[in-house]
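For reference, the structure is listed below as structure tokens.
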Amino acid sequence: MPHRTSCYRGLFAFTVFLAAAGLTRPCAAQTVGGQARAVQSTVSGLFGPTTTMLADTGTLDGGTDARQASALADSVPSLLSAETLHATTIGSPTGADSEASLAGLTMTVGGNSIGADFVMSRVQAVQGAVGTGSTTVSGLSVNGVPIAVDESPNQVIAIPGGQIVVNEQQISQSSTAVNALRVTVFGVADVIVASAMAAVQ
């Protein structure tokens with residue numbers, strides 16, 4: 001009997017050690033995601049909306065994946081054109097980083113002329129922390145009028161028939177999404193410029 005009691009005590013101590021070390025159950029795997037694109041446009045038409053993407057990385061396939069897309073110049077006919085389009089998303093075991101940018105943006109939507117010299121968004125998601133996001137918008141003009149913007153999130157600029165949102169952000173502990181520019185003319189088009197997303201959970 002003393003030998004059996006000693007065995008029980010040893011088994012109990014070993015179980016406590018495993019629990020403290022986190023070895024009694026498998027650790028939950030982290031789900032890492034990310035995507036970036038230079039342009040996403042959705043235009044209404046007689047047969048429904050048409051969506052076009054320029055320099056789109058597609059979605060990350062886990063924490064060891066990395067994707068990029070680029071073009072020296074590209075356009076959506078009758079809507080916009082831009083140069084040096086670039087998008088990147090990179091995963092790691094503990095998070096993801098994404099960024100998108102373009103230069104020389106010219107856009108005409110719903111009778112509004114919109115231009116920008118340079119547009120960029122960057123986001124980062126890290127396990128156990130709230131994500132971060134930022135944008136750069138230089139030389140923005142609307143219908144020939146220069147528009148000053150800062151780094152504040154979700155700045156709204158009214159335009160005839162719609163609005164422009166600068167530095168549109170949705171940030172949480174598990175996901176971070178930033179659109180540098182979002183131009184909406186209600187019933188006509190929704191155009192997102194320099195969009196980046198990163199997630200970990």
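Every chain in the structure tokens has a letter given in the order shown (A, B, ...), and although residue numbers restart at 1 in each chain, ligands are simply numbered from 1 in the order shown.
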Please, which residues in segment 94-168 of chain A fall within 6 Å of segment 184-197 of chain A when counting only C-alpha atoms, and what is the closest atom pair and distance in Å to one decimal for each, ordered by chain then residue number, as a Markdown table?
```
| residue | atom | partner | partner_atom | distance |
| --- | --- | --- | --- | --- |
| A:Ser98 | CA | A:Ala196 | CA | 5.5 |
| A:Glu99 | CA | A:Ala196 | CA | 5.4 |
| A:Ala100 | CA | A:Ala194 | CA | 4.9 |
| A:Ser101 | CA | A:Ala194 | CA | 5.3 |
| A:Met120 | CA | A:Ala194 | CA | 5.6 |
| A:Ser121 | CA | A:Ala194 | CA | 5.7 |
| A:Gly161 | CA | A:Val185 | CA | 5.4 |
| A:Gly162 | CA | A:Val185 | CA | 4.2 |
| A:Gln163 | CA | A:Thr184 | CA | 5.5 |
```
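The environment of Thr50 of chain A within 12 Å, counting only C-alpha atoms and disregarding residues fewer than 2 places along the same chain, consists of Gln40, Ser41, Thr42, Val43, Ser44, Gly45, Leu46, Phe47, Gly48, Thr52, Met53, Val76, Val188, Ala189, Asp190 and Val191 of chain A.
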Note to self: For the structure I just gave you, how does DSSP split segment 36-184 of chain A - specifically, which residues are strand (DSSP E or B)? Reply as a ChimeraX atom specification.
What the structure shows: /A:36-43,50-56,66-76,80-92,95-109,112-126,132-138,141-142,145-146,155-159,162-171,175-184
Note to self: So that I can check the surroundings of Gln68 of chain A, please list as a ChimeraX atom specification every protein, DNA and RNA residue that reaches within 10 Å of it, counting only C-alpha atoms and ignoring chain neighbours fewer than 5 positions away.
What the structure shows: /A:35-37,55-58,86-90,98-100
Same residues, N, CA and C atoms, saved as a PDB file, in the first residue's frame:
```pdb
ATOM      1  N   GLN A  35      -4.457  40.664 -47.240  1.00  0.00           N
ATOM      2  CA  GLN A  35      -4.723  40.937 -48.653  1.00  0.00           C
ATOM      3  C   GLN A  35      -4.483  42.421 -48.905  1.00  0.00           C
ATOM      4  N   ALA A  36      -4.058  42.746 -50.112  1.00  0.00           N
ATOM      5  CA  ALA A  36      -3.863  44.139 -50.488  1.00  0.00           C
ATOM      6  C   ALA A  36      -4.190  44.299 -51.969  1.00  0.00           C
ATOM      7  N   ARG A  37      -4.703  45.470 -52.315  1.00  0.00           N
ATOM      8  CA  ARG A  37      -4.987  45.754 -53.723  1.00  0.00           C
ATOM      9  C   ARG A  37      -4.879  47.252 -53.956  1.00  0.00           C
ATOM     10  N   ALA A  55      -4.013  45.247 -59.499  1.00  0.00           N
ATOM     11  CA  ALA A  55      -2.896  44.924 -58.596  1.00  0.00           C
ATOM     12  C   ALA A  55      -3.421  44.352 -57.290  1.00  0.00           C
ATOM     13  N   ASP A  56      -4.058  43.184 -57.380  1.00  0.00           N
ATOM     14  CA  ASP A  56      -4.666  42.504 -56.233  1.00  0.00           C
ATOM     15  C   ASP A  56      -3.808  41.298 -55.860  1.00  0.00           C
ATOM     16  N   THR A  57      -3.396  41.203 -54.601  1.00  0.00           N
ATOM     17  CA  THR A  57      -2.539  40.093 -54.168  1.00  0.00           C
ATOM     18  C   THR A  57      -3.293  38.783 -54.017  1.00  0.00           C
ATOM     19  N   GLY A  58      -4.632  38.850 -53.844  1.00  0.00           N
ATOM     20  CA  GLY A  58      -5.337  37.675 -53.371  1.00  0.00           C
ATOM     21  C   GLY A  58      -5.078  37.502 -51.888  1.00  0.00           C
ATOM     22  N   HIS A  86       1.070  48.988 -56.805  1.00  0.00           N
ATOM     23  CA  HIS A  86       1.822  47.980 -56.055  1.00  0.00           C
ATOM     24  C   HIS A  86       1.013  47.518 -54.854  1.00  0.00           C
ATOM     25  N   ALA A  87       1.054  46.220 -54.564  1.00  0.00           N
ATOM     26  CA  ALA A  87       0.380  45.660 -53.394  1.00  0.00           C
ATOM     27  C   ALA A  87       1.188  44.479 -52.880  1.00  0.00           C
ATOM     28  N   THR A  88       1.300  44.383 -51.546  1.00  0.00           N
ATOM     29  CA  THR A  88       2.073  43.315 -50.906  1.00  0.00           C
ATOM     30  C   THR A  88       1.373  42.887 -49.627  1.00  0.00           C
ATOM     31  N   THR A  89       1.379  41.582 -49.357  1.00  0.00           N
ATOM     32  CA  THR A  89       0.930  41.070 -48.066  1.00  0.00           C
ATOM     33  C   THR A  89       1.856  39.938 -47.654  1.00  0.00           C
ATOM     34  N   ILE A  90       2.306  39.954 -46.407  1.00  0.00           N
ATOM     35  CA  ILE A  90       3.296  38.997 -45.913  1.00  0.00           C
ATOM     36  C   ILE A  90       2.812  38.437 -44.575  1.00  0.00           C
ATOM     37  N   SER A  98       0.474  44.212 -44.516  1.00  0.00           N
ATOM     38  CA  SER A  98       0.005  44.436 -45.884  1.00  0.00           C
ATOM     39  C   SER A  98       0.142  45.905 -46.236  1.00  0.00           C
ATOM     40  N   GLU A  99       0.385  46.183 -47.514  1.00  0.00           N
ATOM     41  CA  GLU A  99       0.407  47.567 -47.975  1.00  0.00           C
ATOM     42  C   GLU A  99       0.023  47.629 -49.453  1.00  0.00           C
ATOM     43  N   ALA A 100      -0.531  48.789 -49.839  1.00  0.00           N
ATOM     44  CA  ALA A 100      -0.902  49.012 -51.231  1.00  0.00           C
ATOM     45  C   ALA A 100      -0.646  50.471 -51.571  1.00  0.00           C
TER      46      ALA A 100
END
```
Margin query: From a backbone DSSP assignment, name each residue in segment 9-196 of chain A labelled helix (DSSP H, G or I), as a PyMOL selection string.
Written below: chain A and resi 9-21
Give me a file of those residues, with N, CA and C atoms, as an mmCIF file, in the first residue's frame.
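Final file, again-v5.cif:
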```cif
data_model
loop_
_atom_site.group_PDB
_atom_site.id
_atom_site.type_symbol
_atom_site.label_atom_id
_atom_site.label_comp_id
_atom_site.auth_asym_id
_atom_site.auth_seq_id
_atom_site.Cartn_x
_atom_site.Cartn_y
_atom_site.Cartn_z
ATOM 1 N N ARG A 9 0.894 9.784 -5.726
ATOM 2 C CA ARG A 9 1.442 11.130 -5.511
ATOM 3 C C ARG A 9 2.322 11.567 -6.678
ATOM 4 N N GLY A 10 3.124 10.618 -7.181
ATOM 5 C CA GLY A 10 3.988 10.952 -8.306
ATOM 6 C C GLY A 10 3.196 11.274 -9.562
ATOM 7 N N LEU A 11 2.111 10.510 -9.806
ATOM 8 C CA LEU A 11 1.271 10.760 -10.974
ATOM 9 C C LEU A 11 0.585 12.108 -10.866
ATOM 10 N N PHE A 12 0.093 12.443 -9.668
ATOM 11 C CA PHE A 12 -0.562 13.739 -9.459
ATOM 12 C C PHE A 12 0.413 14.890 -9.707
ATOM 13 N N ALA A 13 1.630 14.766 -9.197
ATOM 14 C CA ALA A 13 2.633 15.822 -9.385
ATOM 15 C C ALA A 13 2.983 15.990 -10.854
ATOM 16 N N PHE A 14 3.064 14.875 -11.587
ATOM 17 C CA PHE A 14 3.394 14.954 -13.010
ATOM 18 C C PHE A 14 2.262 15.616 -13.796
ATOM 19 N N THR A 15 1.002 15.303 -13.420
ATOM 20 C CA THR A 15 -0.150 15.912 -14.084
ATOM 21 C C THR A 15 -0.175 17.410 -13.858
ATOM 22 N N VAL A 16 0.116 17.839 -12.622
ATOM 23 C CA VAL A 16 0.172 19.270 -12.316
ATOM 24 C C VAL A 16 1.244 19.951 -13.137
ATOM 25 N N PHE A 17 2.404 19.286 -13.298
ATOM 26 C CA PHE A 17 3.489 19.850 -14.097
ATOM 27 C C PHE A 17 3.066 20.027 -15.553
ATOM 28 N N LEU A 18 2.398 19.017 -16.114
ATOM 29 C CA LEU A 18 1.960 19.106 -17.506
ATOM 30 C C LEU A 18 0.955 20.238 -17.696
ATOM 31 N N ALA A 19 0.034 20.374 -16.751
ATOM 32 C CA ALA A 19 -0.958 21.437 -16.860
ATOM 33 C C ALA A 19 -0.297 22.800 -16.801
ATOM 34 N N ALA A 20 0.677 22.955 -15.889
ATOM 35 C CA ALA A 20 1.373 24.240 -15.759
ATOM 36 C C ALA A 20 2.175 24.553 -17.009
ATOM 37 N N ALA A 21 2.703 23.540 -17.644
ATOM 38 C CA ALA A 21 3.511 23.747 -18.847
ATOM 39 C C ALA A 21 2.667 23.860 -20.103
#
```
Next item on the list: Find the residues near segment 122-125 of chain A: any atom within 10 Å, counting only C-alpha atoms, skip ones fewer than 3 places away on the same chain, and give them as a ChimeraX atom specification.
Entry: /A:32-34,36,87-91,94-101,128-136,169,171-180,194-201
Take the residues from that selection and put them in a file with C-alpha atoms, as a PDB file, in the first residue's frame.
```pdb
ATOM      1  CA  VAL A  32      -3.232  34.486 -40.205  1.00  0.00           C
ATOM      2  CA  GLY A  33      -4.789  36.407 -43.081  1.00  0.00           C
ATOM      3  CA  GLY A  34      -3.912  39.309 -45.331  1.00  0.00           C
ATOM      4  CA  ALA A  36      -3.863  44.139 -50.488  1.00  0.00           C
ATOM      5  CA  ALA A  87       0.380  45.660 -53.394  1.00  0.00           C
ATOM      6  CA  THR A  88       2.073  43.315 -50.906  1.00  0.00           C
ATOM      7  CA  THR A  89       0.930  41.070 -48.066  1.00  0.00           C
ATOM      8  CA  ILE A  90       3.296  38.997 -45.913  1.00  0.00           C
ATOM      9  CA  GLY A  91       2.376  36.469 -43.227  1.00  0.00           C
ATOM     10  CA  THR A  94       2.341  35.673 -35.208  1.00  0.00           C
ATOM     11  CA  GLY A  95       0.716  38.111 -37.639  1.00  0.00           C
ATOM     12  CA  ALA A  96       0.700  39.787 -41.023  1.00  0.00           C
ATOM     13  CA  ASP A  97       1.679  43.018 -42.775  1.00  0.00           C
ATOM     14  CA  SER A  98       0.005  44.436 -45.884  1.00  0.00           C
ATOM     15  CA  GLU A  99       0.407  47.567 -47.975  1.00  0.00           C
ATOM     16  CA  ALA A 100      -0.902  49.012 -51.231  1.00  0.00           C
ATOM     17  CA  SER A 101       0.028  52.114 -53.210  1.00  0.00           C
ATOM     18  CA  GLY A 128      -2.231  39.601 -28.764  1.00  0.00           C
ATOM     19  CA  ALA A 129      -2.298  43.281 -29.748  1.00  0.00           C
ATOM     20  CA  VAL A 130      -4.645  45.709 -31.460  1.00  0.00           C
ATOM     21  CA  GLY A 131      -3.676  46.181 -35.100  1.00  0.00           C
ATOM     22  CA  THR A 132      -2.316  49.377 -36.575  1.00  0.00           C
ATOM     23  CA  GLY A 133      -3.034  51.143 -39.848  1.00  0.00           C
ATOM     24  CA  SER A 134      -1.956  54.296 -41.636  1.00  0.00           C
ATOM     25  CA  THR A 135      -2.357  56.076 -44.960  1.00  0.00           C
ATOM     26  CA  THR A 136      -0.564  58.643 -47.074  1.00  0.00           C
ATOM     27  CA  GLN A 169     -10.281  52.304 -41.012  1.00  0.00           C
ATOM     28  CA  ILE A 171      -9.381  48.072 -36.573  1.00  0.00           C
ATOM     29  CA  SER A 172      -9.812  45.405 -33.893  1.00  0.00           C
ATOM     30  CA  GLN A 173      -7.630  42.973 -31.955  1.00  0.00           C
ATOM     31  CA  SER A 174      -8.058  40.308 -34.654  1.00  0.00           C
ATOM     32  CA  SER A 175      -8.276  42.286 -37.900  1.00  0.00           C
ATOM     33  CA  THR A 176      -7.090  45.562 -39.397  1.00  0.00           C
ATOM     34  CA  ALA A 177      -8.427  46.993 -42.660  1.00  0.00           C
ATOM     35  CA  VAL A 178      -7.589  50.381 -44.168  1.00  0.00           C
ATOM     36  CA  ASN A 179      -8.696  52.039 -47.405  1.00  0.00           C
ATOM     37  CA  ALA A 180      -6.644  55.126 -48.234  1.00  0.00           C
ATOM     38  CA  ALA A 194      -5.047  51.526 -51.885  1.00  0.00           C
ATOM     39  CA  SER A 195      -6.724  48.905 -49.712  1.00  0.00           C
ATOM     40  CA  ALA A 196      -4.824  46.757 -47.186  1.00  0.00           C
ATOM     41  CA  MET A 197      -5.976  44.132 -44.665  1.00  0.00           C
ATOM     42  CA  ALA A 198      -4.182  41.983 -42.106  1.00  0.00           C
ATOM     43  CA  ALA A 199      -5.599  39.591 -39.504  1.00  0.00           C
ATOM     44  CA  VAL A 200      -4.521  37.079 -36.842  1.00  0.00           C
ATOM     45  CA  GLN A 201      -6.683  35.094 -34.459  1.00  0.00           C
TER      46      GLN A 201
END
```
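Going from atom CA of Pro160 of chain A to atom CA of Leu80 of chain A covers 17.8 Å.
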